[in-house]
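K.L.:
Dumping the structure here so I can ask a few things about it.
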Amino acid sequence: MPLPFLTADRGFDSDEDVALPFDDDHDQWRRPYRPGPWRVGAAALALLVASFMLLATVIIAFAEAGGAALLCLVLAGLVLAAALRLLRMGTWVSRHGVRRVGFLRTSTLPWARARTVRTVQQPVRWLGLPRTVQGQALVLVPREKGEQLVLLTDHSADFLSRVEAFDRAADTVEAWSAEYAGEAAR
């Protein structure tokens with residue numbers, strides 16, 4: 001008995017990691033890769049915690065403790081916002097430049113200010129924690145003197161144990177850089 005709703009996005013029996021569908025609107029900010037299972041799992045766990053906190057809010061509100069219910073509602077909202085921000089984190093590209101979205105900070109660099117984007121072997125942070133391991137990183141070197149910006153690493157929450165996905169995402173960002181940094185230099 002086929003279950004087509006299970007395979008709407010892709011087949012569960014396929015082991016390859018398929019690329020995102022091609023969209024020709026280069027003015028929109030887009031992430032050139034799918035969020036990784038570690039990032040999605042952490043966000044799902046945070047959303048589960050937020051749902052239990054909202055259930056606790058309803059129970060506390062029915063117990064007529066308004067101040068405690070309001071506090072629980074605010075905390076659930078903070079956990080919900082953190083889960084959504086966790087899903088938004090990553091590297092985004094458009095015709096205008098490259099944007100690195102972190103948990104608390106977002107930085108955007110126009111392609112005109114980028115000298116080169118390349119993949120290098122260097123110590124990288126494992127899942128964003130302080131521990132470093134040897135790995136690959138996609139770095140952007142700015143035209144002016146300054147620190148290079150790490151865009152992607154193969155040990156991040158998006159690419160841990162997904163080498164092919166990292167290679168494809170790095171190639172995509174390098175291609176965007178070659179196309180639009182070259183236009184900006186002309």
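FYI, nothing fancy with the structure tokens labels: chains A, B, ... in order, residues from 1 per chain, ligands from 1 as they appear.
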Can you write out as a tab-separated table which residues of region 26-100 of chain A fall within 10 Å of region 105-108 of chain A, alongside each residue's closest atom pair and its distance in Å to one decimal, counting only C-alpha atoms and ordering rows by chain and ascending residue number?
P.N.:
```
residue	atom	partner	partner_atom	distance
A:Met89	CA	A:Thr106	CA	8.9
A:Gly90	CA	A:Thr106	CA	9.6
A:Thr91	CA	A:Thr108	CA	9.8
A:Trp92	CA	A:Thr108	CA	9.1
A:Val93	CA	A:Thr108	CA	9.4
A:His96	CA	A:Thr108	CA	9.2
A:Gly97	CA	A:Thr108	CA	6.9
A:Val98	CA	A:Thr108	CA	5.8
A:Arg99	CA	A:Thr108	CA	4.2
A:Arg100	CA	A:Ser107	CA	5.3
```
K.L.:
Could you write out that same residue set with N, CA, C and O atoms as a PDB file, in the first residue's frame?
P.N.:
```pdb
ATOM      1  N   MET A  89      19.365  30.564  11.809  1.00  0.00           N
ATOM      2  CA  MET A  89      20.822  30.734  11.796  1.00  0.00           C
ATOM      3  C   MET A  89      21.439  30.084  10.564  1.00  0.00           C
ATOM      4  O   MET A  89      20.941  29.095  10.060  1.00  0.00           O
ATOM      5  N   GLY A  90      22.550  30.687  10.089  1.00  0.00           N
ATOM      6  CA  GLY A  90      23.280  30.124   8.964  1.00  0.00           C
ATOM      7  C   GLY A  90      23.785  31.200   8.032  1.00  0.00           C
ATOM      8  O   GLY A  90      23.804  32.385   8.357  1.00  0.00           O
ATOM      9  N   THR A  91      24.197  30.781   6.863  1.00  0.00           N
ATOM     10  CA  THR A  91      24.718  31.684   5.843  1.00  0.00           C
ATOM     11  C   THR A  91      23.670  31.862   4.757  1.00  0.00           C
ATOM     12  O   THR A  91      23.155  30.875   4.231  1.00  0.00           O
ATOM     13  N   TRP A  92      23.369  33.097   4.428  1.00  0.00           N
ATOM     14  CA  TRP A  92      22.377  33.438   3.420  1.00  0.00           C
ATOM     15  C   TRP A  92      23.069  34.255   2.338  1.00  0.00           C
ATOM     16  O   TRP A  92      23.935  35.072   2.637  1.00  0.00           O
ATOM     17  N   VAL A  93      22.679  34.042   1.086  1.00  0.00           N
ATOM     18  CA  VAL A  93      23.276  34.769  -0.030  1.00  0.00           C
ATOM     19  C   VAL A  93      22.188  35.396  -0.892  1.00  0.00           C
ATOM     20  O   VAL A  93      21.049  34.931  -0.910  1.00  0.00           O
ATOM     21  N   HIS A  96      22.982  40.876  -3.487  1.00  0.00           N
ATOM     22  CA  HIS A  96      23.515  42.017  -2.749  1.00  0.00           C
ATOM     23  C   HIS A  96      24.724  41.673  -1.892  1.00  0.00           C
ATOM     24  O   HIS A  96      25.486  42.567  -1.533  1.00  0.00           O
ATOM     25  N   GLY A  97      24.895  40.414  -1.506  1.00  0.00           N
ATOM     26  CA  GLY A  97      26.029  40.049  -0.671  1.00  0.00           C
ATOM     27  C   GLY A  97      25.799  38.744   0.056  1.00  0.00           C
ATOM     28  O   GLY A  97      24.960  37.933  -0.325  1.00  0.00           O
ATOM     29  N   VAL A  98      26.550  38.573   1.112  1.00  0.00           N
ATOM     30  CA  VAL A  98      26.448  37.375   1.940  1.00  0.00           C
ATOM     31  C   VAL A  98      26.102  37.815   3.357  1.00  0.00           C
ATOM     32  O   VAL A  98      26.601  38.823   3.853  1.00  0.00           O
ATOM     33  N   ARG A  99      25.207  37.089   3.988  1.00  0.00           N
ATOM     34  CA  ARG A  99      24.722  37.429   5.323  1.00  0.00           C
ATOM     35  C   ARG A  99      24.972  36.233   6.237  1.00  0.00           C
ATOM     36  O   ARG A  99      24.578  35.114   5.930  1.00  0.00           O
ATOM     37  N   ARG A 100      25.628  36.479   7.352  1.00  0.00           N
ATOM     38  CA  ARG A 100      25.895  35.451   8.353  1.00  0.00           C
ATOM     39  C   ARG A 100      24.972  35.714   9.528  1.00  0.00           C
ATOM     40  O   ARG A 100      25.118  36.695  10.252  1.00  0.00           O
TER      41      ARG A 100
END
```
K.L.:
For Glu174 (chain A), find every residue with an atom within 9 Å (counting only C-alpha atoms), except residues of its own chain fewer than 2 positions away, and show them as JSON, numbers by chain.
P.N.:
{"A": [116, 117, 118, 119, 138, 169, 170, 171, 172, 176, 177, 178, 179]}
K.L.:
Would you compute the distance between CA of Leu73 (chain A) and CA of Leu129 (chain A)? Give it in Å to one decimal.
P.N.:
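Those two atoms sit 29.4 Å apart.
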K.L.:
Can you tell me which residues surround Trp38 (chain A) at a distance of at most 12 Å, considering only C-alpha atoms, apart from same-chain residues fewer than 2 positions away, and format the answer as a ChimeraX atom specification?
P.N.:
/A:34-36,40-45,86-87,126-128,155-162
K.L.:
For the residues in the current selection, export N, CA, C and O atoms as a compact mmCIF listing (two decimals), in the first residue's frame.
P.N.:
```txt
# COMPACT_ATOMS: atom_id res chain seq x y z
N ARG A 34 20.07 22.91 3.04
CA ARG A 34 19.01 22.58 3.99
C ARG A 34 19.56 22.63 5.41
O ARG A 34 20.71 22.27 5.63
N PRO A 35 18.76 23.05 6.38
CA PRO A 35 19.23 22.99 7.78
C PRO A 35 19.53 21.55 8.15
O PRO A 35 18.82 20.62 7.76
N GLY A 36 20.57 21.36 8.92
CA GLY A 36 21.02 20.02 9.29
C GLY A 36 20.15 19.38 10.35
O GLY A 36 19.37 20.05 11.04
N VAL A 40 17.79 21.09 13.40
CA VAL A 40 16.35 20.85 13.40
C VAL A 40 15.93 20.10 14.66
O VAL A 40 14.89 20.41 15.27
N GLY A 41 16.75 19.14 15.09
CA GLY A 41 16.44 18.39 16.31
C GLY A 41 16.45 19.27 17.54
O GLY A 41 15.57 19.15 18.41
N ALA A 42 17.43 20.16 17.65
CA ALA A 42 17.49 21.07 18.80
C ALA A 42 16.30 22.02 18.80
O ALA A 42 15.71 22.29 19.86
N ALA A 43 15.92 22.51 17.62
CA ALA A 43 14.77 23.41 17.54
C ALA A 43 13.47 22.66 17.88
O ALA A 43 12.60 23.21 18.55
N ALA A 44 13.36 21.42 17.42
CA ALA A 44 12.17 20.63 17.73
C ALA A 44 12.06 20.37 19.23
O ALA A 44 10.97 20.43 19.81
N LEU A 45 13.19 20.10 19.86
CA LEU A 45 13.19 19.89 21.31
C LEU A 45 12.79 21.17 22.05
O LEU A 45 12.01 21.13 23.00
N LEU A 86 17.04 29.78 16.15
CA LEU A 86 17.95 28.67 15.91
C LEU A 86 17.77 28.11 14.51
O LEU A 86 18.75 27.77 13.83
N LEU A 87 16.53 28.05 14.04
CA LEU A 87 16.27 27.57 12.68
C LEU A 87 16.70 28.58 11.63
O LEU A 87 17.02 28.22 10.50
N TRP A 126 33.24 22.54 17.02
CA TRP A 126 32.37 21.38 16.88
C TRP A 126 30.99 21.74 17.42
O TRP A 126 30.83 22.03 18.61
N LEU A 127 29.97 21.75 16.55
CA LEU A 127 28.59 22.10 16.88
C LEU A 127 28.47 23.47 17.56
O LEU A 127 27.59 23.71 18.36
N GLY A 128 29.39 24.37 17.24
CA GLY A 128 29.36 25.72 17.80
C GLY A 128 29.85 25.81 19.23
O GLY A 128 29.80 26.86 19.83
N HIS A 155 31.75 20.90 10.60
CA HIS A 155 31.39 20.36 11.91
C HIS A 155 30.32 21.20 12.59
O HIS A 155 30.16 21.15 13.81
N SER A 156 29.58 21.99 11.82
CA SER A 156 28.50 22.80 12.39
C SER A 156 27.24 21.94 12.52
O SER A 156 27.19 20.80 12.09
N ALA A 157 26.20 22.53 13.10
CA ALA A 157 24.95 21.80 13.29
C ALA A 157 24.26 21.48 11.96
O ALA A 157 23.39 20.63 11.90
N ASP A 158 24.68 22.15 10.89
CA ASP A 158 24.07 21.89 9.58
C ASP A 158 24.80 20.81 8.79
O ASP A 158 24.19 20.16 7.94
N PHE A 159 26.08 20.60 9.05
CA PHE A 159 26.87 19.72 8.18
C PHE A 159 27.59 18.60 8.90
O PHE A 159 28.36 17.88 8.26
N LEU A 160 27.39 18.40 10.18
CA LEU A 160 28.05 17.31 10.89
C LEU A 160 27.59 15.98 10.29
O LEU A 160 26.40 15.69 10.21
N SER A 161 28.53 15.19 9.82
CA SER A 161 28.29 13.88 9.17
C SER A 161 27.59 14.02 7.83
O SER A 161 26.98 13.07 7.36
N ARG A 162 27.65 15.19 7.20
CA ARG A 162 27.06 15.42 5.88
C ARG A 162 28.09 16.10 4.99
O ARG A 162 27.95 17.25 4.62
```
K.L.:
Could you pull the residues within 10 Å of Gln136 (chain A), counting only C-alpha atoms, minus those fewer than 6 positions along the same chain, as a PyMOL selection string?
P.N.:
chain A and resi 119-124+152-155+163+166-167
K.L.:
Using backbone DSSP assignments, extract all alpha helix (DSSP H) residues from chain A; output them as a VMD selection string.
P.N.:
chain A and resid 37 to 62 66 to 88 163 to 185
K.L.:
Based on DSSP run over this structure's backbone, return all residues of region 61-99 of chain A in strand (DSSP E), as a list in words.
P.N.:
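Residues meeting the strand (DSSP E) criterion: Gly90, Thr91, Trp92, Val93, Ser94, Gly97, Val98 and Arg99 of chain A.
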K.L.:
Grab the residues selected above and save them as a compact mmCIF listing (two decimals), in the first residue's frame with C-alpha atoms.
P.N.:
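Result went into part-v4.txt, see below:
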```
# COMPACT_ATOMS: atom_id res chain seq x y z
CA GLY A 90 23.28 30.12 8.96
CA THR A 91 24.72 31.68 5.84
CA TRP A 92 22.38 33.44 3.42
CA VAL A 93 23.28 34.77 -0.03
CA SER A 94 21.70 37.09 -2.57
CA GLY A 97 26.03 40.05 -0.67
CA VAL A 98 26.45 37.37 1.94
CA ARG A 99 24.72 37.43 5.32
```
K.L.:
Within 6 Å of Ala69 (chain A), counting only C-alpha atoms, which residues qualify if same-chain residues fewer than 5 places away don't, as a VMD selection string?
P.N.:
chain A and resid 57 60 to 61
K.L.:
Quick one: of A:Val133, A:Ala114, A:Leu55, A:Ala165, who's nearest to Glu147 (chain A), counting only C-alpha atoms?
P.N.:
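Result for the nearest residue to Glu147 (chain A): A:Ala114.
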K.L.:
Using only C-alpha atoms, which protein or nucleic acid residues come within 12 Å of Leu78 (chain A)? Drop anything in the same chain fewer than 5 positions from it, and give the result as a list of chain:residue names.
P.N.:
A:Ala46, A:Leu47, A:Val49, A:Ala50, A:Ser51, A:Met53, A:Leu54, A:Leu71, A:Cys72, A:Leu73, A:Ala83, A:Leu84, A:Arg85
K.L.:
Which of these residues is nearest to Leu80 (chain A), using only C-alpha atoms: A:Pro37, A:Leu48, A:Gly66, A:Glu164?
P.N.:
A:Leu48
K.L.:
Using only C-alpha atoms, pick whichever of A:Ala181, A:Ala76, A:Val173, A:Val150 has the shortest atom-to-atom distance to Ala112 (chain A).
P.N.:
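Of A:Ala181, A:Ala76, A:Val173, A:Val150, the one nearest Ala112 (chain A), counting only C-alpha atoms, is A:Ala181.
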